[in-house]
Number of protein chains: 2
Amino acid sequence: MSPARSRVVALSGGVGGAKLVDGLARVLDPGALTVIVNTGDDFRHLGLWISPDIDSVVYALAGLADAVRGWGRRDESWNFMAALKQLGAPDWFQLGDADLAMHVERTRRLAAGETLTQVTARICGALGVGARVLPMSDDIVSTRLETADGWLDFQEYFVRRQCRPRVQQIVFEGAAAARASPEVLAALADPALRAVVFCPSNPFVSIEPILAVAPLRALLARCAAPVIAVTPIIGGAAVKGPAAKMLRELGLAVDASAVAQRYQGLLDAFIADASDPAPEPIEGVTLVRAPTLMRSAEDRASLARSVLELADRLS
Amino acid sequence: MSPARSRVVALSGGVGGAKLVDGLARVLDPGALTVIVNTGDDFRHLGLWISPDIDSVVYALAGLADAVRGWGRRDESWNFMAALKQLGAPDWFQLGDADLAMHVERTRRLAAGETLTQVTARICGALGVGARVLPMSDDIVSTRLETADGWLDFQEYFVRRQCRPRVQQIVFEGAAAARASPEVLAALADPALRAVVFCPSNPFVSIEPILAVAPLRALLARCAAPVIAVTPIIGGAAVKGPAAKMLRELGLAVDASAVAQRYQGLLDAFIADASDPAPEPIEGVTLVRAPTLMRSAEDRASLARSVLELADRLS
C-alpha cells in the first residue's frame with residue numbers, strides 16, 4: 001500500500017461491532033479511524049434522545065464500556081432507575097446514572113440546534129476519543145420490525161420484548177428521505193482510504209440500516225479501497241444479539257455464508273471464523289478464515305490486524 | 001372550633017417551609033393538609049423542568065429528604081453529575097441520581113400535556129404522600145432579581161452565584177398573567193378551612209411569589225379562617241438562605257417585625273421565635289412567641305401544634 005493510504009472507515013452497530021472498532025483504534029494511528037455508526041436503534045424515551053449504538057462505540061473507544069454486563073458504562077450505578085420505578089414511570093429501558101449524562105447532554109444540544117454529528121464529536125472530544133465517530137445520518141431513521149405480534153419499534157422488540165417475537169420483515173423508516181452526512185461522505189471519499197470494514201454487527205438491524213441511507217450503498221459498491229466484512233456468526237450462533245434468530249426466522253441459513261451473501265456487490269473480502277468451515281464461494285469476494293471471537297483487548301487488536309493485513313493484500 | 005373546620009392550607013417555599021409542612025402533616029389527619037408551593041424558583045435546565053420547592057416539600061412529606069445536606073434526597077448518589085462534568089456540560093446545578101427521576105418524569109408528563117398540578121399529584125400518589133401538594137399556579141412564574149451585578153434568574157442568583165450579588169429589586173415574571181389553579185382556589189374556598197399558615201420561608205422569594213398570583217392576595221386578605229405566619233428570622237438571622245441578607249440589602253430591619261410587616265393586611269397572627277423580643281405591634285395582628293427552630297421531627301410537630309392551637313384560639 002502507499003503510505004498515504006492510512007485511513008480506515010468502519011461500519012458498526014453496538015456492542016459486537018464496537019469491540020472490533022476498539023481493536024482498530026488500538027492498532028491504527030490516532031485519528032486514522034472513522035466509524036460510521038447505525039442510528040436506526042435511536043429513539044426518544046422519557047423525553048431523552050437515546051443513541052444506543054453511538055454510545056456503545058464511544059464507551060468502547062473511551063475505555064468506559066462495561067465488559068461484564070456487555071453494554072453501558074463500567075462502574076455504573078442504578079439509583080435513577082430505582083427512583084423512576086418508585087414514581088411509577090416507564091422503567092423497561094435501563095439507564096445507568098452516569099450513562100444518563102450522555103442522553104441528557106445529547107438531548108440538550110440537539111434541542112439547541114446542533115446536529116447529531118456535532119453533538120457526537122463534542123462528546124468524543126470531552127471523553128478523549130481520538131477516532132471520529134459519525135452517525136450514519138443526521139436525519140432520523142427508525143428501524144421497525146414486522147413480527148408475528150405485529151409491528152414493533154426496534155427498542156420495543158429488542159429490549160422490552162427481548163427479541164422474542166418472530167421477525168417477518170424489517171424496515172428502516174425515514175431511510176428513503178435520509179441522506180448521509182457530509183462528514184460520512186467525506187470519510188468515504190478520502191483518497192487516503194485504506195479499507196472499509198463491516199464490523200461483526202447484526203447485518204439486519206446494524207449494518208443494513210447504514211446501507212439504506214443514500215448514497216452509502218452505491219458509494220461502497222464502487223469504493224476504491226477494499227471493503228471487508230467480519231462475520232457476526234460463529235458456529236451457527238451470534239456471539240450476542242438476535243442475528244442467528246433473525247437469519248432462521250427469515251428463512252436463511254444460520255452461517256457466515258448467509259451473512260456474506262447479504263452484502264453481495266459490496267464486498268472485496270469476507271472473514272469467517274477460523275473454527276467454521278469455509279463459506280460458499282461468492283464471485284469477486286475473497287473468503288478468509290481467522291479467529292473472530294474477541295474475548296480480550298488482545299483478541300480485538302489481533303482481529304483488527306488481520307483485517308488490515310487482508311486489506312493491504314487486496315490493494 | 002367546629003369539628004367541621006378540619007382543613008389546613010400551608011404556603012411554603014423549599015427547605016425551611018417544608019419542615020413546618022412536615023410538622024403539620026405529622027399532627028393533622030391524613031388528607032387534612034394542602035400545601036400551596038412557590039414555583040417562582042422553577043426553571044428549565046439541561047432540558048429538564050425543575051421545581052425545587054415542590055421537590056423539597058414532596059421529599060419532606062415522603063420521608064425522603066436529606067436531613068444532613070439540607071436539600072435533595074437522602075441516600076443520594078452523584079454519578080450523573082460526575083459524568084456530566086466529564087462531558088463538559090453545565091454542572092453548576094447539582095442533580096442527584098435519584099432526584100433526577102423526579103425531573104425526568106415531571107418533564108415527560110408536562111410535555112405530554114399534563115399540568116404541573118396533575119404531575120405533582122401523580123408523584124405524590126406514587127410516593128405515598130397523603131397531603132395535597134399544589135403548585136401555586138400551572139402558569140409559569142419566574143422570580144428574577146435585579147442586583148448590583150445586573151438582572152439574574154433566580155437559580156443563577158441562588159445557586160450559581162450563591163446569593164452573593166446585592167439585591168436591589170425582585171420581580172415575578174409572568175405573575176401578572178398567571179392565575180392560581182382551580183385546585184388552589186378550591187382549597188382556599190373550602191368551608192372546612194381551619195387555618196392558613198405562612199411557613200417560615202423566605203418572604204421575598206418564597207411567599208411573595210405565591211401572593212403575586214391572582215387572586216391569592218385578595219383571597220387571603222378576606223379569608224374566613226385565621227391566617228398565621230411563622231417567622232423565618234431568628235436572632236437577626238435566617239435559619240437557612242438569604243432572607244436576612246435580603247432584608248438588609250432592601251433597607252429593612254433584620255428581625256421578625258420586618259417580616260410580619262411584609263404580610264400586612266393578610267395576617268391574623270404572627271409567631272416570632274421565643275428567644276427574640278416581642279415584635280412591634282401591628283394593628284389587627286396577634287403577636288405570639290414560640291420555639292420556631294426545628295431541629296427534630298418533634299420540634300416540627302410541636303411548632304405545628306402551636307400554630308394550630310393559635311388558629312383555634314383565634315377562630
# chains A, B, ... in the order shown; residues from 1 in each chain; ligands from 1
>>> interface_residues(of="chain A", to="chain B", cutoff="6 Å", atoms="only C-alpha atoms", output="NGL selection string")
:A and (46-47 or 79-80 or 83-84 or 87 or 97-98 or 101 or 108 or 123 or 126)
>>> residues_around(residues="stretch 265-273 of chain B", least_positions_apart="6", cutoff="10 Å", atoms="only C-alpha atoms", output="NGL selection string")
:B and (196-198 or 200 or 211 or 217-223 or 225-235 or 255-257 or 259 or 279 or 282-293 or 303 or 306-307 or 310-311 or 314-315)
>>> calpha_fit_and_write(fixed="chain B", moving="chain A", output="CSV table (one decimal) with C-alpha atoms, in the first residue's frame")
chain,number,residue,atom,x,y,z
A,1,MET,CA,-63.7,25.3,66.6
A,2,SER,CA,-66.4,23.4,64.9
A,3,PRO,CA,-65.3,19.8,64.1
A,4,ALA,CA,-66.1,20.4,60.5
A,5,ARG,CA,-63.2,23.0,60.3
A,6,SER,CA,-60.6,20.4,59.8
A,7,ARG,CA,-58.6,21.6,56.8
A,8,VAL,CA,-55.3,23.5,56.9
A,9,VAL,CA,-53.6,25.3,54.0
A,10,ALA,CA,-49.9,26.0,54.2
A,11,LEU,CA,-48.0,28.3,51.9
A,12,SER,CA,-44.4,27.2,51.5
A,13,GLY,CA,-41.1,27.6,49.8
A,14,GLY,CA,-38.4,25.0,49.9
A,15,VAL,CA,-36.4,23.5,52.7
A,16,GLY,CA,-37.3,25.8,55.7
A,17,GLY,CA,-41.0,25.9,54.9
A,18,ALA,CA,-41.0,22.1,54.2
A,19,LYS,CA,-40.0,21.4,57.8
A,20,LEU,CA,-43.2,23.0,59.1
A,21,VAL,CA,-45.2,21.4,56.4
A,22,ASP,CA,-43.8,18.1,57.6
A,23,GLY,CA,-44.8,19.0,61.2
A,24,LEU,CA,-48.3,19.9,60.1
A,25,ALA,CA,-48.6,16.5,58.3
A,26,ARG,CA,-47.5,14.8,61.5
A,27,VAL,CA,-50.2,16.3,63.7
A,28,LEU,CA,-53.1,16.5,61.2
A,29,ASP,CA,-55.4,13.8,59.9
A,30,PRO,CA,-54.2,12.3,56.6
A,31,GLY,CA,-55.7,14.4,53.9
A,32,ALA,CA,-56.4,17.4,56.1
A,33,LEU,CA,-53.3,19.3,54.8
A,34,THR,CA,-53.0,21.2,51.5
A,35,VAL,CA,-49.7,22.9,50.7
A,36,ILE,CA,-49.5,25.7,48.1
A,37,VAL,CA,-45.9,25.8,47.0
A,38,ASN,CA,-43.9,28.5,45.4
A,39,THR,CA,-42.9,27.8,41.8
A,40,GLY,CA,-41.1,31.1,41.1
A,41,ASP,CA,-37.8,29.1,41.5
A,42,ASP,CA,-38.8,26.7,38.8
A,43,PHE,CA,-36.6,26.6,35.7
A,44,ARG,CA,-35.6,24.6,32.7
A,45,HIS,CA,-32.1,23.2,33.0
A,46,LEU,CA,-30.4,20.7,30.7
A,47,GLY,CA,-33.8,20.3,29.1
A,48,LEU,CA,-35.5,19.3,32.3
A,49,TRP,CA,-38.2,21.2,34.1
A,50,ILE,CA,-37.0,21.6,37.7
A,51,SER,CA,-39.4,22.6,40.5
A,52,PRO,CA,-37.0,22.9,43.6
A,53,ASP,CA,-39.6,23.9,46.2
A,54,ILE,CA,-42.2,21.3,45.1
A,55,ASP,CA,-39.5,18.7,45.4
A,56,SER,CA,-38.3,19.9,48.8
A,57,VAL,CA,-41.9,19.7,50.1
A,58,VAL,CA,-42.6,16.3,48.5
A,59,TYR,CA,-39.3,14.8,49.8
A,60,ALA,CA,-40.1,16.2,53.3
A,61,LEU,CA,-43.6,14.7,53.2
A,62,ALA,CA,-42.4,11.4,51.7
A,63,GLY,CA,-39.7,11.0,54.4
A,64,LEU,CA,-37.1,11.2,51.6
A,65,ALA,CA,-35.4,14.5,52.4
A,66,ASP,CA,-31.8,14.6,53.3
A,67,ALA,CA,-31.5,16.0,56.8
A,68,VAL,CA,-27.7,16.5,56.8
A,69,ARG,CA,-27.2,18.2,53.5
A,70,GLY,CA,-30.4,20.1,54.0
A,71,TRP,CA,-31.7,19.7,50.4
A,72,GLY,CA,-32.4,16.9,47.9
A,73,ARG,CA,-33.0,13.2,48.6
A,74,ARG,CA,-31.4,11.2,51.3
A,75,ASP,CA,-29.2,8.2,50.3
A,76,GLU,CA,-28.4,10.1,47.2
A,77,SER,CA,-25.5,9.4,44.7
A,78,TRP,CA,-23.8,11.7,42.3
A,79,ASN,CA,-22.6,9.7,39.4
A,80,PHE,CA,-24.8,11.6,36.8
A,81,MET,CA,-23.1,14.8,37.8
A,82,ALA,CA,-19.6,13.3,37.6
A,83,ALA,CA,-20.4,12.0,34.1
A,84,LEU,CA,-22.0,15.3,33.1
A,85,LYS,CA,-18.8,17.1,34.2
A,86,GLN,CA,-16.7,14.7,32.2
A,87,LEU,CA,-18.8,15.6,29.1
A,88,GLY,CA,-18.1,19.3,29.7
A,89,ALA,CA,-21.8,20.0,30.2
A,90,PRO,CA,-23.1,22.7,32.6
A,91,ASP,CA,-22.6,21.3,36.1
A,92,TRP,CA,-23.3,24.2,38.4
A,93,PHE,CA,-26.7,22.9,39.4
A,94,GLN,CA,-26.4,19.7,41.5
A,95,LEU,CA,-28.8,16.9,40.4
A,96,GLY,CA,-28.6,13.7,42.4
A,97,ASP,CA,-29.1,10.4,40.6
A,98,ALA,CA,-32.3,9.5,42.3
A,99,ASP,CA,-33.5,13.2,42.3
A,100,LEU,CA,-33.1,13.2,38.5
A,101,ALA,CA,-36.0,10.7,38.2
A,102,MET,CA,-38.3,13.5,39.6
A,103,HIS,CA,-37.2,16.0,36.9
A,104,VAL,CA,-37.3,13.5,34.1
A,105,GLU,CA,-40.7,12.2,35.0
A,106,ARG,CA,-42.1,15.7,35.5
A,107,THR,CA,-40.7,16.9,32.2
A,108,ARG,CA,-42.1,13.9,30.4
A,109,ARG,CA,-45.6,14.4,31.8
A,110,LEU,CA,-45.6,18.1,31.2
A,111,ALA,CA,-44.5,17.5,27.6
A,112,ALA,CA,-47.4,15.0,27.3
A,113,GLY,CA,-49.8,17.9,28.2
A,114,GLU,CA,-50.4,17.3,31.9
A,115,THR,CA,-50.5,20.4,34.2
A,116,LEU,CA,-47.8,20.8,36.9
A,117,THR,CA,-50.7,20.2,39.4
A,118,GLN,CA,-51.6,16.9,37.8
A,119,VAL,CA,-47.9,15.8,37.6
A,120,THR,CA,-47.3,16.7,41.2
A,121,ALA,CA,-50.4,14.8,42.3
A,122,ARG,CA,-49.2,11.7,40.5
A,123,ILE,CA,-45.8,11.9,42.0
A,124,CYS,CA,-47.3,12.4,45.5
A,125,GLY,CA,-49.5,9.4,44.9
A,126,ALA,CA,-46.6,7.3,43.8
A,127,LEU,CA,-44.6,8.3,46.9
A,128,GLY,CA,-47.4,7.8,49.4
A,129,VAL,CA,-47.7,11.5,50.3
A,130,GLY,CA,-51.1,12.0,51.9
A,131,ALA,CA,-51.1,15.8,51.9
A,132,ARG,CA,-52.1,17.6,48.7
A,133,VAL,CA,-49.1,19.5,47.3
A,134,LEU,CA,-50.3,22.2,44.9
A,135,PRO,CA,-48.1,24.4,42.7
A,136,MET,CA,-49.2,28.0,43.2
A,137,SER,CA,-50.1,28.1,39.6
A,138,ASP,CA,-50.0,26.0,36.4
A,139,ASP,CA,-48.8,29.1,34.6
A,140,ILE,CA,-45.1,29.8,34.6
A,141,VAL,CA,-43.9,32.5,37.0
A,142,SER,CA,-40.2,33.2,37.2
A,143,THR,CA,-38.6,35.0,40.1
A,144,ARG,CA,-35.9,37.4,38.8
A,145,LEU,CA,-33.6,39.7,40.8
A,146,GLU,CA,-32.1,43.0,40.0
A,147,THR,CA,-28.7,43.0,41.7
A,148,ALA,CA,-25.6,45.1,41.7
A,149,ASP,CA,-24.4,42.7,39.0
A,150,GLY,CA,-27.5,43.2,36.9
A,151,TRP,CA,-30.6,41.1,36.4
A,152,LEU,CA,-30.3,37.4,37.4
A,153,ASP,CA,-32.7,34.5,37.1
A,154,PHE,CA,-33.4,33.0,40.5
A,155,GLN,CA,-31.2,29.9,40.2
A,156,GLU,CA,-28.4,31.9,38.7
A,157,TYR,CA,-28.6,34.1,41.8
A,158,PHE,CA,-29.3,31.4,44.3
A,159,VAL,CA,-27.2,28.5,43.3
A,160,ARG,CA,-24.6,29.7,40.7
A,161,ARG,CA,-23.8,33.0,42.4
A,162,GLN,CA,-24.6,31.6,45.9
A,163,CYS,CA,-26.7,34.7,46.8
A,164,ARG,CA,-23.6,36.9,46.7
A,165,PRO,CA,-24.8,39.8,44.5
A,166,ARG,CA,-26.5,42.6,46.4
A,167,VAL,CA,-30.3,42.6,45.7
A,168,GLN,CA,-32.0,45.8,44.6
A,169,GLN,CA,-35.3,44.6,43.4
A,170,ILE,CA,-37.2,41.3,43.0
A,171,VAL,CA,-39.9,40.7,40.3
A,172,PHE,CA,-42.1,37.7,39.5
A,173,GLU,CA,-42.1,37.5,35.7
A,174,GLY,CA,-45.3,36.2,34.4
A,175,ALA,CA,-47.2,36.7,37.7
A,176,ALA,CA,-49.5,39.4,36.2
A,177,ALA,CA,-50.8,37.0,33.6
A,178,ALA,CA,-50.7,33.9,35.9
A,179,ARG,CA,-53.7,32.6,37.7
A,180,ALA,CA,-54.0,30.3,40.7
A,181,SER,CA,-55.0,26.8,39.7
A,182,PRO,CA,-58.6,25.7,40.3
A,183,GLU,CA,-57.3,23.3,43.0
A,184,VAL,CA,-55.6,26.2,44.9
A,185,LEU,CA,-58.8,28.2,44.7
A,186,ALA,CA,-60.9,25.3,45.9
A,187,ALA,CA,-58.5,24.7,48.9
A,188,LEU,CA,-58.8,28.3,50.0
A,189,ALA,CA,-62.6,28.4,49.4
A,190,ASP,CA,-63.1,25.2,51.5
A,191,PRO,CA,-65.7,26.0,54.2
A,192,ALA,CA,-63.9,23.4,56.4
A,193,LEU,CA,-60.8,25.6,56.4
A,194,ARG,CA,-59.3,25.7,59.9
A,195,ALA,CA,-56.2,27.8,59.2
A,196,VAL,CA,-53.9,29.2,56.6
A,197,VAL,CA,-50.2,29.0,57.6
A,198,PHE,CA,-47.4,31.0,56.0
A,199,CYS,CA,-44.5,28.7,56.7
A,200,PRO,CA,-41.1,30.1,57.8
A,201,SER,CA,-39.9,30.6,54.3
A,202,ASN,CA,-38.2,33.5,52.7
A,203,PRO,CA,-40.8,36.3,52.4
A,204,PHE,CA,-39.3,37.8,49.3
A,205,VAL,CA,-38.6,34.8,47.1
A,206,SER,CA,-40.8,32.0,48.6
A,207,ILE,CA,-44.1,33.5,50.0
A,208,GLU,CA,-44.4,36.7,47.9
A,209,PRO,CA,-44.3,34.9,44.6
A,210,ILE,CA,-47.3,33.0,45.8
A,211,LEU,CA,-49.1,36.2,46.9
A,212,ALA,CA,-48.3,37.7,43.5
A,213,VAL,CA,-50.5,35.1,41.7
A,214,ALA,CA,-54.1,36.5,41.4
A,215,PRO,CA,-56.4,36.2,43.2
A,216,LEU,CA,-54.4,34.8,46.1
A,217,ARG,CA,-53.5,38.0,47.9
A,218,ALA,CA,-57.1,39.2,47.7
A,219,LEU,CA,-58.5,35.8,48.9
A,220,LEU,CA,-56.1,35.7,51.8
A,221,ALA,CA,-57.0,39.3,52.8
A,222,ARG,CA,-60.6,38.3,53.3
A,223,CYS,CA,-60.1,34.7,54.4
A,224,ALA,CA,-62.6,33.4,56.9
A,225,ALA,CA,-60.1,31.2,58.6
A,226,PRO,CA,-57.2,32.6,60.6
A,227,VAL,CA,-54.1,33.4,58.6
A,228,ILE,CA,-50.9,32.9,60.7
A,229,ALA,CA,-47.3,33.4,59.7
A,230,VAL,CA,-44.2,31.9,61.3
A,231,THR,CA,-41.0,33.9,61.3
A,232,PRO,CA,-38.1,32.7,59.2
A,233,ILE,CA,-35.8,35.1,61.1
A,234,ILE,CA,-34.4,34.1,64.5
A,235,GLY,CA,-32.0,36.2,66.4
A,236,GLY,CA,-31.4,38.5,63.5
A,237,ALA,CA,-30.5,35.7,61.1
A,238,ALA,CA,-32.3,33.3,58.7
A,239,VAL,CA,-32.1,29.7,59.7
A,240,LYS,CA,-31.2,29.0,56.1
A,241,GLY,CA,-31.0,31.0,52.9
A,242,PRO,CA,-30.7,34.7,52.0
A,243,ALA,CA,-33.7,36.2,53.9
A,244,ALA,CA,-31.6,38.2,56.4
A,245,LYS,CA,-29.2,39.4,53.7
A,246,MET,CA,-32.2,40.5,51.5
A,247,LEU,CA,-33.8,42.3,54.4
A,248,ARG,CA,-30.6,44.2,55.0
A,249,GLU,CA,-30.0,44.9,51.3
A,250,LEU,CA,-33.5,46.2,50.8
A,251,GLY,CA,-33.1,48.6,53.7
A,252,LEU,CA,-35.3,46.7,56.2
A,253,ALA,CA,-34.7,45.7,59.8
A,254,VAL,CA,-33.4,42.2,60.1
A,255,ASP,CA,-36.0,40.9,62.5
A,256,ALA,CA,-39.3,39.2,62.8
A,257,SER,CA,-41.2,42.5,62.8
A,258,ALA,CA,-39.9,43.4,59.3
A,259,VAL,CA,-41.2,40.0,58.0
A,260,ALA,CA,-44.6,40.5,59.7
A,261,GLN,CA,-44.9,43.9,58.1
A,262,ARG,CA,-44.4,42.4,54.7
A,263,TYR,CA,-47.6,40.5,55.2
A,264,GLN,CA,-49.6,43.4,56.4
A,265,GLY,CA,-53.3,43.2,55.7
A,266,LEU,CA,-53.2,39.4,55.3
A,267,LEU,CA,-52.3,38.1,58.8
A,268,ASP,CA,-54.4,37.4,61.9
A,269,ALA,CA,-51.4,36.3,63.8
A,270,PHE,CA,-47.6,36.2,63.6
A,271,ILE,CA,-45.4,33.8,65.5
A,272,ALA,CA,-41.9,35.1,66.4
A,273,ASP,CA,-39.2,33.0,68.0
A,274,ALA,CA,-39.4,32.5,71.7
A,275,SER,CA,-35.8,33.7,72.0
A,276,ASP,CA,-36.5,37.1,70.3
A,277,PRO,CA,-38.1,40.2,71.7
A,278,ALA,CA,-41.8,40.6,71.0
A,279,PRO,CA,-42.2,42.2,67.5
A,280,GLU,CA,-43.6,45.7,67.2
A,281,PRO,CA,-47.4,45.7,67.4
A,282,ILE,CA,-49.2,45.6,64.1
A,283,GLU,CA,-52.9,46.6,64.1
A,284,GLY,CA,-55.2,43.6,63.9
A,285,VAL,CA,-52.3,41.0,64.2
A,286,THR,CA,-52.0,38.8,67.3
A,287,LEU,CA,-48.3,38.5,68.1
A,288,VAL,CA,-47.1,35.3,69.7
A,289,ARG,CA,-43.7,33.9,70.6
A,290,ALA,CA,-42.9,30.2,70.4
A,291,PRO,CA,-39.9,28.0,69.8
A,292,THR,CA,-39.6,28.1,66.0
A,293,LEU,CA,-36.3,26.4,65.4
A,294,MET,CA,-37.0,22.9,64.0
A,295,ARG,CA,-34.0,20.6,64.6
A,296,SER,CA,-36.0,17.4,65.1
A,297,ALA,CA,-39.3,15.8,63.9
A,298,GLU,CA,-40.6,16.5,67.4
A,299,ASP,CA,-39.7,20.2,67.0
A,300,ARG,CA,-41.7,20.3,63.7
A,301,ALA,CA,-44.7,18.6,65.2
A,302,SER,CA,-44.5,20.9,68.3
A,303,LEU,CA,-44.4,24.1,66.2
A,304,ALA,CA,-47.3,22.8,64.1
A,305,ARG,CA,-49.3,22.2,67.3
A,306,SER,CA,-48.6,25.7,68.4
A,307,VAL,CA,-49.7,27.1,65.1
A,308,LEU,CA,-53.0,25.1,65.1
A,309,GLU,CA,-53.8,25.9,68.8
A,310,LEU,CA,-53.3,29.6,68.0
A,311,ALA,CA,-55.6,29.3,65.0
A,312,ASP,CA,-58.3,27.6,67.1
A,313,ARG,CA,-58.0,30.3,69.7
A,314,LEU,CA,-58.5,33.0,67.0
A,315,SER,CA,-61.5,31.3,65.4
>>> select_by_dssp(residues="stretch 80-139 of chain A", states="strand (DSSP E)", output="list of chain:residue names")
A:Arg132, A:Val133, A:Leu134, A:Pro135
>>> select_by_dssp(residues="stretch 66-271 of chain B", states="alpha helix (DSSP H)", output="VMD selection string")
chain B and resid 79 to 86 97 to 111 116 to 126 154 to 155 182 to 189 208 to 211 216 to 221 243 to 249 256 to 262
